[in-house]
Every structure is written in C-alpha cells, then in structure tokens.
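Everything below concerns the one structure shown next.
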Amino acid sequence: MTDSKTDGEAEREAERKAAGKAERKAAGKAERKAAREARRKAGTEPQKPPGKFAFLPWLFMLTGDVGDLFEGEAPLPWLGGLGVVAFVVLYAITVFTGLDKRQRATRYPFFALGGLAVVTYALTIGYGGDWLLCFPLLSLASGIVLRRGMTESGRRLGIVVLTLAGSAGVIAGMRGGPSETLIVAYGTMLSGFITAAILSLFETVAELRATREELARSAVERERLRFSRDLHDLLGHTMSVIVVKAEAVRRLAPRDLDAAIGQAADIEAVGRQALTEIREAVTGYRESTLNTELDRARSLLEASGITADIRQSGPPLPPQSAALLGWVVREGVTNVVRHSGAGRCTVEVRGETDQVRLEITDNGVGVGSDAATGTSTGNGLKGLTERLAAAGGHLTAGPDGRKGFRLVAELPVDSESEEDHRS
C-alpha cells in the first residue's frame with residue numbers, strides 16, 4: 001500500500017510539474033506574441049531580411065526566351081530548353097544555399113554559382129538577344145554568395161561583378177547594338193552590388209541588435225550582482241547586531257531587567273534602521289557615512305563584549321570615499337564579531353591629502369587562512385575588494401602576527417571632490 005501510494009504521489013507530482021511547465025511555456029509564448037504585437041503597433045518591429053523565395057520571381061525575366069523556344073524561333077530549341085532548365089535549377093540552388101546559414105560555410109554555394117556562370121555564358125554566347133538577361137540574374141546570385149567579402153575586403157565581390165558586367169557588355173556588343181550593351185552591363189553591375197548591400201545591411205542590423213541585447217543582459221547581471229552585494233553587506237551586519245543584542249537580553253534578563261530592556265530597545269532601533277536602509281538600497285538612494293558606521297561598530301563591539309578602540313584622524317573625506325570606507329568598517333567589524341573570538345578590536349582611519357587608510361585589527365583567531373592568501377572567505381571580502389578596485393584602491397587581509405587578524409583598505413582621495421565637500 002505504501003509503495004502504491006508513493007507511486008501515485010510521484011505520478012501526481014510529475015503531472016503537476018508537466019502542467020506547470022506547459023503553463024509557463026504557454027505564458028511565455030503569449031508574452032512574446034504580445035511583445036511582438038506591441039512593437040508592430042509602435043512601428044519598432046524589426047524588418048525581416050529577404051527569404052529564400054524572395055529572389056525566385058526574378059526568373060520571370062526569362063519568359064521571353066522560353067516563349068521563343070516554344071514557338072521555334074530559336075535554333076536547337078531542345079538544347080535551349082535544357083539550358084533554361086539547368087539555369088533555373090542552378091539559380092535556385094545557388095540562392096537557397098547562399099541564404100542558408102549552415103550551407104554558406106560550405107563549398108556548395110560556390111559550386112552552384114560556378115555551374116550557373118558556365119550555363120549563363122553558354123546561353124548568352126549561343127543565343128544572344130533576350131538571353132543576355134541571364135547576366136543580371138547571375139550577378140544577383142553572386143551578390144548573395146559573395147556578400148561575405150563586403151565585410152572582409154570587398155575585392156572578391158567587386159572583381160566578380162565587374163567581370164560579369166564587362167562580359168555582358170562585350171557579348172551584348174557582339175550580338176546587339178551600343179544602347180543594349182550599356183543597359184545590360186549597367187543592370188548586371190547594379191543587381192550584384194545592390195543585392196549584396198541589402199543582405200549585408202540586414203545582417204549588420206541583426207548583429208547590432210543581438211549585441212545590444214547582450215549588453216543589456218550584461219548590465220542587468222552587473223546590477224544584480226551589485227544589488228546582492230549591497231544586501232549582503234546590509235543584512236550581514238544588521239543581523240549580527242540583532243543576534244548579539246538578543247543574546248545580551250537573554251543573559252541580562254534574569255539579573256538586570258533595566259539593562260535587558262535597554263538592549264531590547266537597541267534591537268528595535270536597529271531593526272527599524274535596517275528596514276529604512278533596505279528600502280533606500282532597493283530604490284538606489286542609500287548613502288552610508290563613515291562616522292555612522294564607526295558609531296555602529298563601537299556599539300556592536302561593546303555589545304559583543306569586545307573592547308573597541310575607534311580612532312579617526314585627517315581631513316574630512318568626500319562623500320563617495322566615506323561611504324565606501326563605511327562598507328569596509330561594516331563588513332570588517334561584522335567578521336570580527338562573528339569569527340574572531342577576539343577580546344579587543346582597533347579601528348583606525350588615517351586620512352591624508354591624497355589618500356586615506358583604514359585598518360581593522362583584533363587579537364582573535366582570525367577568519368581563516370583563505371584571507372591570508374588573498375582570497376575571500378566569503379562574499380563580503382570579495383565584494384569589498386571589487387568595490388575598492390573599482391575606485392582605484394585595494395584591500396589586504398590576513399593574520400596579524402601569531403595571533404589576530406588585520407584588514408587594511410587604502411583608497412585614493414579626489415582633491416576636487418574634497419574641496420567641493422569642504423565648501
């Protein structure tokens with residue numbers, strides 16, 4: 001019974017997962033359709049490039065030649081018929097393989113284009129007249145197959161198209177008049193270059209759109225990383241303060257109710273402040289100050305039973321530098337409380353005209369050997385290292401002699417920003 005019940009539950013779970021997957025797929029499909037409809041109404045829907053069948057209607061240019069073959073006006077109509085069939089087949093193969101992404105990397109489009117050129121020269125030299133319209137079609141197919149040359153050097157396509165235009169002009173001059181020579185040569189040249197330019201333009205636009213989407217995704221990932229790092233720094237410190245003060249309440253409640261009530265009031269204040277900071281961080285307007293973080297560090301260390309020695313010297317810091325060092329104080333002191341087991345912690349800020357140095361030391365057991373080798377023991381130190389590096393500074397962390405741990409952050413100070421801050 002248990003096995004059958006388990007099997008039934010497994011089947012129902014599989015059905016629920018399948019139904020959920022189908023619903024998500026349908027929702028995603030509907031969302032994409034709605035997005036396309038919105039882009040279409042707004043006039044921002046990207047235009048699709050010409051497809052494989054868009055170039056086949058140009059074959060109607062040969063209807064006059066086919067009519068001559070059926071009416072018997074052309075010599076050896078059976079041979080001309082075979083030539084027309086070969087031209088149409090090779091033209092279609094050239095266009096289809098030249099527009100197929102997988103086939104373009106092979107030699108098939110070039111083989112088909114070579115065969116089409118042979119048939120074109122044979123028909124135009126043998127029959128002349130309207131058969132010269134095969135040259136513009138051959139040039140069009142050449143633009144499709146050789147358009148990659150426009151992004152590389154452009155020489156191959158230019159040489160081929162100009163050669164075809166010259167050949168069309170020479171053959172037209174031999175089989176027709178001067179005006180026909182110019183028209184056929186000009187049409188042959190335009191068909192190849194214009195086709196290649198249009199297709200290359202569509203491909204370039206598609207590549208730019210894909211690049212823009214990739215940049216947008218990268219920007220979202222960077223913002224997500226920044227936001228997760230901010231939340232880690234915010235919540236890590238705040239929760240440590242709450243845990244430490246809650247433990248103090250538990251210890252003090254049996255023997256000193258007033259002190260316990262004071263610690264409970266601190267927990268309430270810290271919780272309210274944390275809510276405010278999280279709201280500001282979500283909206284992107286949080287500005288932490290170094291002085292605020294130093295005061296919080298002193299309160300946290302003392303509540304944890306750790307003797308705090310907070311020192312600060314030097315000129316006032318620009319807001320950005322002070323905010324960045326505030327993050328370092330927050331993370332460093334949180335690590336001391338969580339991991340060090342120290343009895344004393346020193347936080348010293350020494351500011352100069354062009355640089356500020358923050359040093360946090362304790363006499364505990366440290367946070368682990370990973371930091372001593374320059375690698376982060378968690379997301380906190382790694383995030384601080386990235387923040388300081390982005391601002392031109394650096395962070396080092398490791399054991400302080402035989403016992404204790406030292407975290408040092410050095411950051412350059414922008415003199416112009418400092419003057420603005422003073423004013």
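Quick note on naming: the chains in the structure tokens go A, B, ... in the order shown, residues restart at 1 in each chain, and ligands are numbered from 1 in order of appearance.
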Can you list every residue of segment 195-260 of chain A that has an atom at most 10 Å from segment 298-307 of chain A, with its nearest atom pair and the distance in Å to one decimal, using only C-alpha atoms, ordered by chain then number, as JSON lines?
```
{"residue": "A:His237", "atom": "CA", "partner": "A:Leu300", "partner_atom": "CA", "distance": 9.2}
{"residue": "A:Thr238", "atom": "CA", "partner": "A:Leu300", "partner_atom": "CA", "distance": 9.5}
{"residue": "A:Ser240", "atom": "CA", "partner": "A:Leu300", "partner_atom": "CA", "distance": 8.2}
{"residue": "A:Val241", "atom": "CA", "partner": "A:Leu300", "partner_atom": "CA", "distance": 5.8}
{"residue": "A:Ile242", "atom": "CA", "partner": "A:Leu300", "partner_atom": "CA", "distance": 9.1}
{"residue": "A:Val243", "atom": "CA", "partner": "A:Ser304", "partner_atom": "CA", "distance": 9.6}
{"residue": "A:Val244", "atom": "CA", "partner": "A:Ser304", "partner_atom": "CA", "distance": 6.0}
{"residue": "A:Lys245", "atom": "CA", "partner": "A:Ala303", "partner_atom": "CA", "distance": 6.3}
{"residue": "A:Ala246", "atom": "CA", "partner": "A:Ala303", "partner_atom": "CA", "distance": 9.8}
{"residue": "A:Glu247", "atom": "CA", "partner": "A:Ser304", "partner_atom": "CA", "distance": 8.9}
{"residue": "A:Ala248", "atom": "CA", "partner": "A:Ala303", "partner_atom": "CA", "distance": 7.2}
```
Item checked: Val408 of chain A surroundings by only C-alpha atoms, 8 Å radius, close-in-sequence under 3 positions cut, as an NGL selection string -> :A and (357-360 or 395-397)
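You will find atom CA of Thr124 of chain A at 20.5 Å from atom CA of Ile93 of chain A.
Going from atom CA of Ala165 of chain A to atom CA of Ala185 of chain A covers 4.5 Å.
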